[in-house]
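Source file: query.csv (CSV, C-alpha atoms and all ligand atoms)
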chain,number,residue,atom,x,y,z
A,1297,MET,CA,1.7,-8.5,115.3
A,1298,ALA,CA,5.2,-7.8,113.9
A,1299,SER,CA,5.9,-10.1,111.1
A,1300,ALA,CA,9.3,-11.8,111.0
A,1301,THR,CA,11.7,-10.8,108.2
A,1302,VAL,CA,11.8,-13.7,105.9
A,1303,GLU,CA,14.7,-14.4,103.5
A,1304,SER,CA,14.0,-15.8,100.1
A,1305,ALA,CA,15.5,-18.9,98.8
A,1306,VAL,CA,14.3,-18.3,95.2
A,1307,ALA,CA,13.1,-15.0,93.7
A,1308,LYS,CA,12.6,-14.8,90.0
A,1309,ASP,CA,9.7,-14.2,87.5
A,1310,ASP,CA,7.3,-13.4,90.4
A,1311,LEU,CA,8.1,-16.7,92.1
A,1312,VAL,CA,9.3,-16.0,95.6
A,1313,ILE,CA,10.0,-19.0,97.7
A,1314,PRO,CA,10.8,-18.1,101.3
A,1315,LEU,CA,13.5,-19.6,103.4
A,1316,ILE,CA,12.0,-20.0,106.8
A,1317,ASP,CA,13.7,-20.6,110.1
A,1318,PHE,CA,11.4,-23.2,111.8
A,1319,ALA,CA,13.2,-23.1,115.2
A,1320,PRO,CA,11.0,-20.3,116.7
A,1321,PHE,CA,7.9,-22.4,115.9
A,1322,LEU,CA,9.4,-25.6,117.4
A,1323,THR,CA,10.6,-23.9,120.5
A,1324,ALA,CA,7.2,-22.4,121.1
A,1325,ASP,CA,7.5,-18.8,122.1
A,1326,PRO,CA,3.9,-17.7,121.4
A,1327,SER,CA,4.6,-14.5,119.5
A,1328,THR,CA,7.4,-15.7,117.3
A,1329,LYS,CA,5.5,-18.9,116.8
A,1330,LYS,CA,2.7,-17.0,115.2
A,1331,SER,CA,4.9,-15.0,112.9
A,1332,THR,CA,6.7,-18.2,111.8
A,1333,ALA,CA,3.4,-19.9,111.2
A,1334,ASP,CA,2.3,-16.8,109.1
A,1335,ALA,CA,5.4,-17.1,107.0
A,1336,VAL,CA,4.8,-20.8,106.4
A,1337,LEU,CA,1.2,-20.2,105.4
A,1338,ASN,CA,2.1,-17.2,103.2
A,1339,GLY,CA,4.7,-19.3,101.4
A,1340,PHE,CA,2.2,-22.0,100.6
A,1341,GLN,CA,-0.4,-19.4,99.5
A,1342,ASN,CA,1.9,-17.4,97.3
A,1343,ALA,CA,4.4,-19.9,95.9
A,1344,GLY,CA,3.2,-23.3,97.0
A,1345,PHE,CA,6.7,-23.9,98.1
A,1346,ILE,CA,8.9,-23.0,101.0
A,1347,TYR,CA,12.5,-23.9,102.1
A,1348,LEU,CA,12.7,-24.8,105.8
A,1349,LYS,CA,15.8,-24.6,107.9
A,1350,ASN,CA,16.3,-25.5,111.6
A,1351,HIS,CA,13.6,-28.0,111.1
A,1352,GLY,CA,14.8,-30.4,113.8
A,1353,ILE,CA,16.0,-33.2,111.6
A,1354,PRO,CA,19.8,-33.6,112.1
A,1355,SER,CA,21.9,-33.4,108.9
A,1356,SER,CA,23.6,-36.6,110.1
A,1357,THR,CA,20.3,-38.4,109.9
A,1358,VAL,CA,19.6,-37.1,106.4
A,1359,GLN,CA,23.1,-38.1,105.3
A,1360,THR,CA,22.6,-41.7,106.6
A,1361,VAL,CA,19.4,-42.0,104.7
A,1362,PHE,CA,21.1,-40.8,101.5
A,1363,ALA,CA,24.0,-43.2,102.0
A,1364,ASN,CA,21.5,-46.1,102.4
A,1365,SER,CA,19.5,-45.0,99.4
A,1366,THR,CA,22.7,-44.9,97.3
A,1367,LYS,CA,23.6,-48.4,98.4
A,1368,PHE,CA,20.1,-49.7,97.7
A,1369,PHE,CA,20.1,-48.4,94.1
A,1370,ALA,CA,23.6,-50.0,93.6
A,1371,ARG,CA,22.0,-53.4,94.1
A,1372,PRO,CA,21.8,-55.7,91.0
A,1373,THR,CA,18.8,-54.8,88.8
A,1374,GLN,CA,17.1,-58.2,89.3
A,1375,GLN,CA,17.1,-57.8,93.0
A,1376,LYS,CA,15.4,-54.4,92.7
A,1377,LEU,CA,12.9,-55.7,90.1
A,1378,ASP,CA,12.0,-58.5,92.6
A,1379,LEU,CA,10.9,-55.8,94.9
A,1380,GLY,CA,8.6,-54.2,92.3
A,1381,TRP,CA,5.9,-51.7,93.0
A,1382,TYR,CA,2.8,-53.8,92.9
A,1383,SER,CA,-0.4,-51.6,93.1
A,1384,PRO,CA,-1.6,-48.0,93.4
A,1385,LYS,CA,-3.4,-48.8,96.6
A,1386,ALA,CA,-0.3,-50.1,98.3
A,1387,ASN,CA,2.1,-47.7,96.6
A,1388,ARG,CA,5.1,-49.6,97.8
A,1389,GLY,CA,8.2,-51.0,96.1
A,1390,TYR,CA,10.6,-50.4,93.3
A,1391,THR,CA,9.9,-48.6,90.0
A,1392,ALA,CA,12.4,-49.0,87.2
A,1393,GLN,CA,13.3,-46.2,84.8
A,1394,GLY,CA,10.5,-45.4,82.4
A,1395,ARG,CA,7.7,-47.1,84.4
A,1396,GLU,CA,6.1,-44.1,86.0
A,1397,LYS,CA,5.4,-40.9,84.2
A,1398,THR,CA,4.7,-38.0,86.5
A,1399,SER,CA,2.5,-35.9,84.4
A,1400,LEU,CA,-0.4,-33.5,84.2
A,1401,ILE,CA,-2.5,-36.1,82.7
A,1402,GLU,CA,-5.4,-37.5,84.7
A,1403,GLU,CA,-6.6,-40.0,82.2
A,1404,GLU,CA,-5.2,-43.5,82.1
A,1405,GLY,CA,-4.0,-44.3,78.6
A,1406,ASP,CA,-2.7,-40.8,77.8
A,1407,VAL,CA,0.1,-41.5,80.2
A,1408,GLU,CA,1.2,-44.5,78.1
A,1409,LYS,CA,1.7,-42.2,75.1
A,1410,LEU,CA,3.7,-39.7,77.0
A,1411,ARG,CA,5.9,-42.3,78.6
A,1412,LYS,CA,7.0,-43.6,75.2
A,1413,GLU,CA,7.9,-40.2,73.9
A,1414,VAL,CA,10.2,-39.0,76.7
A,1415,PRO,CA,10.7,-41.4,79.6
A,1416,ASP,CA,11.7,-39.9,82.9
A,1417,LEU,CA,15.4,-40.7,83.6
A,1418,LYS,CA,14.9,-42.0,87.1
A,1419,GLU,CA,14.3,-45.0,89.3
A,1420,SER,CA,12.5,-44.9,92.7
A,1421,PHE,CA,11.6,-47.0,95.7
A,1422,GLU,CA,8.6,-46.3,97.8
A,1423,ILE,CA,8.1,-47.2,101.5
A,1424,GLY,CA,4.8,-46.9,103.4
A,1425,ARG,CA,3.8,-47.5,106.9
A,1426,ASP,CA,5.1,-50.9,107.8
A,1427,ASP,CA,1.9,-52.1,109.6
A,1428,GLU,CA,-0.8,-52.0,107.0
A,1429,PRO,CA,-2.4,-55.4,106.5
A,1430,GLY,CA,-2.2,-56.7,103.0
A,1431,MET,CA,0.2,-54.0,101.9
A,1432,PRO,CA,3.7,-55.1,102.8
A,1433,ASN,CA,6.7,-53.0,102.2
A,1434,MET,CA,9.1,-54.6,99.8
A,1435,TRP,CA,12.3,-54.9,101.8
A,1436,PRO,CA,15.4,-56.5,100.4
A,1437,LYS,CA,15.9,-59.9,102.0
A,1438,ALA,CA,17.6,-59.4,105.4
A,1439,ALA,CA,19.0,-63.0,105.9
A,1440,GLY,CA,22.8,-62.8,105.7
A,1441,ASP,CA,22.6,-59.2,104.4
A,1442,GLU,CA,23.6,-56.7,107.0
A,1443,ASP,CA,23.0,-53.8,104.6
A,1444,ALA,CA,19.4,-54.9,104.0
A,1445,LYS,CA,18.8,-55.0,107.8
A,1446,VAL,CA,20.2,-51.6,108.3
A,1447,PHE,CA,18.3,-50.2,105.3
A,1448,LYS,CA,15.0,-51.2,106.8
A,1449,GLU,CA,15.8,-49.8,110.2
A,1450,VAL,CA,17.1,-46.5,108.8
A,1451,MET,CA,14.1,-46.1,106.5
A,1452,MET,CA,11.5,-46.9,109.1
A,1453,GLU,CA,13.1,-44.5,111.6
A,1454,PHE,CA,13.2,-41.8,109.0
A,1455,HIS,CA,9.5,-42.4,108.0
A,1456,SER,CA,8.5,-41.7,111.6
A,1457,THR,CA,10.8,-38.7,111.9
A,1458,CYS,CA,9.3,-37.2,108.8
A,1459,LYS,CA,5.8,-38.0,110.0
A,1460,LYS,CA,6.5,-35.8,113.1
A,1461,LEU,CA,7.6,-32.9,110.9
A,1462,HIS,CA,4.5,-33.3,108.7
A,1463,MET,CA,2.4,-32.8,111.9
A,1464,GLN,CA,4.4,-29.7,112.9
A,1465,VAL,CA,4.2,-28.1,109.5
A,1466,MET,CA,0.4,-28.7,109.4
A,1467,ARG,CA,0.2,-27.1,112.9
A,1468,ALA,CA,2.0,-24.1,111.6
A,1469,ILE,CA,-0.5,-23.9,108.7
A,1470,ALA,CA,-3.4,-24.1,111.2
A,1471,LEU,CA,-1.9,-21.4,113.4
A,1472,GLY,CA,-1.3,-19.2,110.3
A,1473,MET,CA,-4.9,-19.7,109.3
A,1474,GLY,CA,-6.1,-18.6,112.7
A,1475,ILE,CA,-7.7,-22.0,113.6
A,1476,GLU,CA,-6.9,-24.2,116.5
A,1477,GLU,CA,-3.2,-25.2,116.2
A,1478,SER,CA,-4.1,-28.9,116.7
A,1479,TRP,CA,-6.9,-28.8,114.1
A,1480,PHE,CA,-5.0,-31.1,111.6
A,1481,ASP,CA,-3.7,-33.5,114.2
A,1482,GLY,CA,-6.5,-35.9,113.7
A,1483,PHE,CA,-5.7,-35.9,110.0
A,1484,THR,CA,-1.9,-36.4,110.3
A,1485,ASP,CA,-1.5,-38.8,113.2
A,1486,GLY,CA,-2.1,-41.9,111.1
A,1487,GLY,CA,1.1,-41.5,109.1
A,1488,ASP,CA,-0.4,-42.6,105.8
A,1489,ASN,CA,2.7,-41.2,104.1
A,1490,THR,CA,5.1,-42.5,101.5
A,1491,LEU,CA,8.8,-42.2,101.7
A,1492,ARG,CA,10.2,-42.3,98.2
A,1493,LEU,CA,13.9,-42.7,97.4
A,1494,LEU,CA,14.8,-41.3,94.1
A,1495,HIS,CA,17.9,-41.9,91.9
A,1496,TYR,CA,18.5,-40.1,88.7
A,1497,PRO,CA,21.4,-42.1,87.2
A,1498,GLY,CA,24.4,-40.4,85.6
A,1499,VAL,CA,23.7,-39.8,82.0
A,1500,SER,CA,25.4,-38.6,78.8
A,1501,LYS,CA,25.0,-34.9,78.4
A,1502,LYS,CA,24.0,-35.6,74.8
A,1503,ILE,CA,20.7,-37.1,76.0
A,1504,PHE,CA,19.4,-33.7,76.8
A,1505,LYS,CA,20.1,-32.4,73.2
A,1506,ARG,CA,17.1,-33.8,71.3
A,1507,ASP,CA,16.5,-32.8,67.7
A,1508,ASP,CA,12.7,-33.6,67.8
A,1509,GLY,CA,11.9,-30.5,69.8
A,1510,LEU,CA,10.8,-32.5,72.9
A,1511,LEU,CA,12.3,-31.7,76.2
A,1512,GLN,CA,14.3,-34.5,77.8
A,1513,VAL,CA,13.7,-34.4,81.5
A,1514,ARG,CA,14.8,-36.3,84.5
A,1515,ALA,CA,11.3,-36.1,85.9
A,1516,GLY,CA,8.4,-34.5,84.0
A,1517,GLU,CA,6.3,-31.5,85.1
A,1518,HIS,CA,3.7,-32.4,87.7
A,1519,SER,CA,2.2,-31.4,90.9
A,1520,ASP,CA,2.2,-33.6,94.0
A,1521,TYR,CA,-1.1,-35.2,95.1
A,1522,GLY,CA,-1.3,-35.1,98.9
A,1523,SER,CA,-1.1,-32.6,101.7
A,1524,ILE,CA,2.6,-31.6,101.6
A,1525,THR,CA,5.8,-33.1,100.4
A,1526,LEU,CA,9.1,-32.9,102.3
A,1527,LEU,CA,11.9,-32.9,99.7
A,1528,PHE,CA,15.5,-33.6,100.6
A,1529,GLN,CA,17.9,-32.9,97.7
A,1530,ASP,CA,21.6,-33.4,97.2
A,1531,GLN,CA,23.8,-30.6,95.9
A,1532,ARG,CA,23.4,-31.5,92.2
A,1533,GLY,CA,20.4,-29.3,91.2
A,1534,GLY,CA,18.0,-29.6,88.4
A,1535,LEU,CA,14.7,-29.2,90.3
A,1536,GLN,CA,12.6,-26.4,88.8
A,1537,VAL,CA,9.4,-24.8,90.0
A,1538,ARG,CA,6.9,-23.1,87.7
A,1539,SER,CA,6.6,-19.4,88.2
A,1540,PRO,CA,3.3,-17.3,87.9
A,1541,LYS,CA,4.7,-16.2,84.5
A,1542,GLY,CA,4.8,-19.8,83.3
A,1543,THR,CA,8.6,-20.1,83.3
A,1544,PHE,CA,10.5,-22.7,85.2
A,1545,VAL,CA,12.8,-21.4,87.9
A,1546,ASP,CA,15.7,-23.3,89.5
A,1547,ALA,CA,15.0,-24.4,93.0
A,1548,THR,CA,18.7,-24.4,93.9
A,1549,PRO,CA,19.7,-26.8,96.7
A,1550,ILE,CA,20.6,-25.1,100.0
A,1551,ALA,CA,22.4,-27.3,102.4
A,1552,ASP,CA,20.5,-28.5,105.5
A,1553,THR,CA,17.2,-27.2,104.3
A,1554,ILE,CA,14.1,-29.1,103.3
A,1555,VAL,CA,12.1,-28.0,100.3
A,1556,ILE,CA,8.4,-28.3,101.2
A,1557,ASN,CA,5.6,-28.0,98.7
A,1558,ALA,CA,1.9,-28.2,99.0
A,1559,GLY,CA,0.0,-30.9,97.1
A,1560,ASP,CA,-3.2,-31.0,95.2
A,1561,LEU,CA,-5.3,-32.3,98.1
A,1562,LEU,CA,-4.2,-29.6,100.4
A,1563,SER,CA,-4.9,-27.0,97.7
A,1564,ARG,CA,-8.4,-28.5,97.4
A,1565,TRP,CA,-8.8,-28.7,101.2
A,1566,SER,CA,-7.9,-25.0,101.5
A,1567,ASN,CA,-10.5,-24.1,98.9
A,1568,ASP,CA,-7.7,-23.1,96.6
A,1569,THR,CA,-6.2,-20.6,99.0
A,1570,ILE,CA,-3.0,-22.7,99.0
A,1571,LYS,CA,-1.2,-23.4,95.8
A,1572,SER,CA,0.0,-26.8,94.5
A,1573,THR,CA,2.7,-25.6,92.1
A,1574,LYS,CA,4.0,-27.6,89.2
A,1575,HIS,CA,7.7,-28.7,89.3
A,1576,ARG,CA,10.0,-30.9,87.4
A,1577,VAL,CA,13.6,-32.1,87.3
A,1578,VAL,CA,15.7,-31.2,84.2
A,1579,GLU,CA,19.3,-31.2,83.0
A,1580,PRO,CA,21.4,-30.1,85.9
A,1581,PRO,CA,23.0,-26.6,85.8
A,1582,PRO,CA,26.6,-26.7,84.6
A,1583,LYS,CA,29.3,-27.0,87.2
A,1584,PRO,CA,32.9,-26.2,86.6
A,1585,GLU,CA,34.1,-29.6,87.8
A,1586,ASP,CA,31.9,-31.4,85.2
A,1587,ALA,CA,32.8,-29.0,82.3
A,1588,ASP,CA,35.1,-31.5,80.4
A,1589,LYS,CA,33.1,-34.6,81.1
A,1590,ASP,CA,30.6,-36.2,78.7
A,1591,GLU,CA,28.3,-37.3,81.5
A,1592,TYR,CA,26.4,-35.6,84.2
A,1593,PRO,CA,26.8,-37.3,87.6
A,1594,PRO,CA,23.8,-39.0,89.2
A,1595,ARG,CA,21.4,-37.1,91.4
A,1596,TYR,CA,19.7,-38.5,94.5
A,1597,SER,CA,16.7,-37.0,96.3
A,1598,ILE,CA,14.3,-38.2,98.9
A,1599,ALA,CA,10.7,-37.2,98.8
A,1600,TYR,CA,8.3,-37.8,101.7
A,1601,PHE,CA,4.8,-37.5,100.5
A,1602,CYS,CA,2.3,-36.7,103.2
A,1603,ASN,CA,-1.4,-37.4,103.1
A,1604,PRO,CA,-4.3,-36.8,105.4
A,1605,ASN,CA,-5.2,-40.1,107.2
A,1606,PHE,CA,-6.6,-42.3,104.4
A,1607,GLU,CA,-9.9,-42.9,106.2
A,1608,ARG,CA,-10.7,-39.2,106.6
A,1609,MET,CA,-13.1,-37.1,104.5
A,1610,ILE,CA,-11.5,-33.9,103.2
A,1611,GLU,CA,-13.8,-30.9,103.0
A,1612,ALA,CA,-12.9,-27.1,103.0
A,1613,ILE,CA,-11.0,-26.0,106.1
A,1614,PRO,CA,-12.8,-23.6,108.4
A,1615,GLY,CA,-12.0,-20.0,107.4
A,1616,THR,CA,-11.4,-20.8,103.8
A,1617,TYR,CA,-14.9,-21.0,102.4
A,1618,GLU,CA,-17.3,-18.8,104.4
A,1619,GLU,CA,-17.1,-15.9,101.9
A,1620,ALA,CA,-16.4,-17.6,98.6
A,1621,GLY,CA,-18.4,-20.8,99.2
A,1622,LYS,CA,-17.1,-24.4,99.0
A,1623,LYS,CA,-15.5,-25.0,95.6
A,1624,TYR,CA,-15.3,-28.8,96.0
A,1625,GLU,CA,-17.3,-31.6,97.4
A,1626,ALA,CA,-16.0,-33.6,100.3
A,1627,ILE,CA,-13.7,-36.5,99.2
A,1628,ASN,CA,-12.1,-39.4,100.9
A,1629,SER,CA,-8.3,-38.9,101.3
A,1630,GLY,CA,-7.3,-42.5,100.5
A,1631,ASP,CA,-9.6,-42.8,97.5
A,1632,TYR,CA,-8.3,-39.5,96.1
A,1633,LEU,CA,-4.7,-40.7,96.2
A,1634,VAL,CA,-5.4,-44.1,94.7
A,1635,ARG,CA,-7.3,-42.4,91.8
A,1636,ARG,CA,-4.3,-40.1,91.1
A,1637,LEU,CA,-1.7,-42.9,91.4
A,1638,THR,CA,-3.8,-45.1,89.1
A,1639,ALA,CA,-3.5,-42.5,86.4
A,1640,THR,CA,0.3,-42.2,86.5
A,1641,TYR,CA,1.5,-45.8,86.5
B,1701,LIG,O1,13.7,-35.2,92.8
B,1701,LIG,C1,13.2,-34.1,93.0
B,1701,LIG,O2,13.9,-33.1,93.3
B,1701,LIG,C2,11.7,-33.9,92.8
B,1701,LIG,C3,11.0,-35.2,92.9
B,1701,LIG,C4,9.5,-34.9,92.8
B,1701,LIG,O3,9.0,-33.9,92.5
B,1701,LIG,C5,8.6,-36.0,93.0
B,1701,LIG,O4,9.0,-37.2,93.1
B,1701,LIG,O5,7.3,-35.8,93.2
B,1702,FE,FE,7.0,-33.8,93.0
Go ahead and express the file in the form of structure tokens.
Amino acid sequence: MASATVESAVAKDDLVIPLIDFAPFLTADPSTKKSTADAVLNGFQNAGFIYLKNHGIPSSTVQTVFANSTKFFARPTQQKLDLGWYSPKANRGYTAQGREKTSLIEEEGDVEKLRKEVPDLKESFEIGRDDEPGMPNMWPKAAGDEDAKVFKEVMMEFHSTCKKLHMQVMRAIALGMGIEESWFDGFTDGGDNTLRLLHYPGVSKKIFKRDDGLLQVRAGEHSDYGSITLLFQDQRGGLQVRSPKGTFVDATPIADTIVINAGDLLSRWSNDTIKSTKHRVVEPPPKPEDADKDEYPPRYSIAYFCNPNFERMIEAIPGTYEEAGKKYEAINSGDYLVRRLTATY
């Protein structure tokens, strides 16, 4: 089968992140579908990251979500604190700056130490499925507040839009792996995914110039936990991905694309054939229009963290373990995520 020519979005220090046109996959011509699927799988196997264009989510939709996110974070601090993130199991609500430390640490306790040293310069708001008993989303009060009403509608709609794309990308991975295209459907149809709005407030440029040798970041180095993450970023920049050489390479924003990365659970599920690559958000690259300002402008991003249905057991995908053997025991998807979240908050 002829493989499609794939452009690269990032190519530095042996990190090659492909820029993949997803339209051929979505429009279902069998031969181009397969080569697109191969490109998706190769991207996750080699870099752990891809950029996707023509993914089917209109840019007007994404703009509306960003606009609503910006309005949300502009609410008074107390209003946001009243919607506080309340448990790893629910993973819903608002997290103020300094509360979470995305990190490499898996032990509780260590995270406390790291957080004090260099807090992440961000606030976030997490939204889960809206129909999970005992785990309510933390919506701003809608009575007499039109923005709050619209916010909820926009976010729930986007949650379901992203859920569909998660299913499609997992189908592409399946087809790329040579298993039944629908193989993952029974793992992705539950929508146990988290929509996270992120705001990195404008900060003084000086904050990044520390004299204690520590690196001030907007979000610390980490890998994501679940199957895949759909990341929508504004044009500000600052996201970096770890290369095979150990350097951090800019994942420069490309308009109308989604950056998609594989998480730790997909890596485990694929018997380590797919990579879950470390990334972070740092001081943004200089732009001519900010040159004579003392502050960097804010950055907004939207991450949609996808997970296999929480009730499912995750055990090596067919085709990934027959030769090498299974590297990991079966694990419950929901338990795995709660364990990881418990260590970071
Ligand atoms: O804001 C970004 O660009 C990345 C955020 C991220 O990696 C995360 O929240 O897991
Ligand atoms: Fe991440």
*Nearest to A:Ala1639: which of A:Lys1329, A:Lys1367, A:Arg1576, A:Lys1385 is it, counting only C-alpha atoms?*
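Of the candidates, the smallest distance to A:Ala1639 is held by A:Lys1385.
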Env of A:Gly1339: 9 Å cut, atoms = all atoms listed in the file, seq-sep filter 5 positions within chain, self excluded. Answer as an mmCIF file with C-alpha atoms, keeping the file's coordinate frame.
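Listed below is the output, selection-v5.cif:
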data_model
loop_
_atom_site.group_PDB
_atom_site.id
_atom_site.type_symbol
_atom_site.label_atom_id
_atom_site.label_comp_id
_atom_site.auth_asym_id
_atom_site.auth_seq_id
_atom_site.Cartn_x
_atom_site.Cartn_y
_atom_site.Cartn_z
ATOM 1 C CA VAL A 1312 9.300 -16.000 95.600
ATOM 2 C CA ILE A 1313 10.000 -19.000 97.700
ATOM 3 C CA PRO A 1314 10.800 -18.100 101.300
ATOM 4 C CA ASP A 1334 2.300 -16.800 109.100
ATOM 5 C CA GLY A 1344 3.200 -23.300 97.000
ATOM 6 C CA PHE A 1345 6.700 -23.900 98.100
ATOM 7 C CA ILE A 1346 8.900 -23.000 101.000
ATOM 8 C CA ILE A 1570 -3.000 -22.700 99.000
#
What are the closest atom pairs, with distances in Å to one decimal, for all residues of chain A lying within 12 Å of ligand FE 1702 (chain B)? Consider only C-alpha atoms and all ligand atoms, order rows by chain and residue number, and present the result as a tab-separated table.
residue	atom	partner	partner_atom	distance
A:Gly1344	CA	B:FE1702	FE	11.9
A:Phe1345	CA	B:FE1702	FE	11.1
A:Lys1397	CA	B:FE1702	FE	11.4
A:Thr1398	CA	B:FE1702	FE	8.1
A:Ser1399	CA	B:FE1702	FE	9.9
A:Leu1400	CA	B:FE1702	FE	11.5
A:Arg1492	CA	B:FE1702	FE	10.5
A:Leu1494	CA	B:FE1702	FE	10.9
A:Arg1514	CA	B:FE1702	FE	11.8
A:Ala1515	CA	B:FE1702	FE	8.6
A:Gly1516	CA	B:FE1702	FE	9.1
A:Glu1517	CA	B:FE1702	FE	8.3
A:His1518	CA	B:FE1702	FE	6.4
A:Ser1519	CA	B:FE1702	FE	5.8
A:Asp1520	CA	B:FE1702	FE	4.9
A:Tyr1521	CA	B:FE1702	FE	8.5
A:Gly1522	CA	B:FE1702	FE	10.3
A:Ser1523	CA	B:FE1702	FE	11.9
A:Ile1524	CA	B:FE1702	FE	9.9
A:Thr1525	CA	B:FE1702	FE	7.5
A:Leu1526	CA	B:FE1702	FE	9.6
A:Leu1527	CA	B:FE1702	FE	8.3
A:Phe1528	CA	B:FE1702	FE	11.4
A:Gln1529	CA	B:FE1702	FE	11.9
A:Leu1535	CA	B:FE1702	FE	9.4
A:Gln1536	CA	B:FE1702	FE	10.2
A:Val1537	CA	B:FE1702	FE	9.8
A:Arg1538	CA	B:FE1702	FE	11.9
A:Val1555	CA	B:FE1702	FE	10.6
A:Ile1556	CA	B:FE1702	FE	10.0
A:Asn1557	CA	B:FE1702	FE	8.3
A:Ala1558	CA	B:FE1702	FE	9.7
A:Gly1559	CA	B:FE1702	FE	8.6
A:Asp1560	CA	B:FE1702	FE	10.8
A:Ser1572	CA	B:FE1702	FE	10.0
A:Thr1573	CA	B:FE1702	FE	9.3
A:Lys1574	CA	B:FE1702	FE	7.9
A:His1575	CA	B:FE1702	FE	6.3
A:Arg1576	CA	B:FE1702	FE	7.0
A:Val1577	CA	B:FE1702	FE	8.9
A:Ser1597	CA	B:FE1702	FE	10.7
A:Ile1598	CA	B:FE1702	FE	10.4
A:Ala1599	CA	B:FE1702	FE	7.7
A:Tyr1600	CA	B:FE1702	FE	9.7
A:Phe1601	CA	B:FE1702	FE	8.6
A:Cys1602	CA	B:FE1702	FE	11.6
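Between atom CA of A:Val1414 and atom CA of A:Leu1377 the interatomic distance comes to 21.6 Å.
Minimum atom-to-atom distance to ligand LIG 1701 (chain B), evaluated using all atoms listed in the file, belongs to A:Glu1579 out of A:Glu1579, A:Asp1378, A:Asp1507, A:Glu1449.
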*Please write as a VMD selection string the list of polymer residues whose atoms come within 9 Å of (19.0, -29.6, 102.4), counting all atoms listed in the file and keeping to the coordinates of the file.*
chain A and resid 1347 to 1349 1355 1358 1527 to 1531 1549 to 1555
*Could you tell me how far atom CA of A:Leu1322 lies from atom CA of A:Thr1616, in Å and to one decimal?*
25.3 Å
*Which distance in Å separates atom CA of A:Ala1547 and atom CA of A:Val1306, to one decimal?*
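Separation between atom CA of A:Ala1547 and atom CA of A:Val1306: 6.5 Å.
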*Cut-off 12 Å around (8.9, -14.2, 119.1) with only C-alpha atoms: residues as a ChimeraX atom specification*: /A:1297-1301,1318-1333
_Among the residues A:Thr1490, A:Ser1563, A:Gln1374, A:Gln1512, the one that comes closest to ligand LIG 1701 (chain B) [using only C-alpha atoms and all ligand atoms]_ =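 When distances to ligand LIG 1701 (chain B) are compared using only C-alpha atoms and all ligand atoms, the smallest one comes from A:Thr1490.
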*Closest to ligand LIG 1701 (chain B) among A:Phe1504, A:Tyr1496, A:Tyr1624, A:Phe1544, using only C-alpha atoms and all ligand atoms?*
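Comparing A:Phe1504, A:Tyr1496, A:Tyr1624, A:Phe1544 against ligand LIG 1701 (chain B), the winner is A:Tyr1496.
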Please write a file for stretch 1590-1610 of chain A, taken from the block I just shared, that holds C-alpha atoms and is laid out as a compact mmCIF listing (two decimals), in the first residue's frame.
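Final output, saved to selection30.txt:
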# COMPACT_ATOMS: atom_id res chain seq x y z
CA ASP A 1590 7.28 44.01 30.90
CA GLU A 1591 4.60 41.32 30.85
CA TYR A 1592 3.78 38.32 28.78
CA PRO A 1593 0.13 38.18 27.78
CA PRO A 1594 -2.07 35.37 29.09
CA ARG A 1595 -2.25 32.03 27.34
CA TYR A 1596 -5.37 29.91 27.06
CA SER A 1597 -5.57 26.28 26.09
CA ILE A 1598 -8.17 23.55 26.20
CA ALA A 1599 -7.23 19.96 26.90
CA TYR A 1600 -9.67 17.12 26.45
CA PHE A 1601 -8.35 14.12 28.36
CA CYS A 1602 -9.73 10.88 27.01
CA ASN A 1603 -9.90 7.64 28.95
CA PRO A 1604 -11.06 4.13 28.22
CA ASN A 1605 -14.49 3.59 29.85
CA PHE A 1606 -13.82 3.55 33.56
CA GLU A 1607 -15.36 0.13 34.14
CA ARG A 1608 -13.16 -1.61 31.54
CA MET A 1609 -10.06 -3.68 32.22
CA ILE A 1610 -7.03 -2.63 30.19
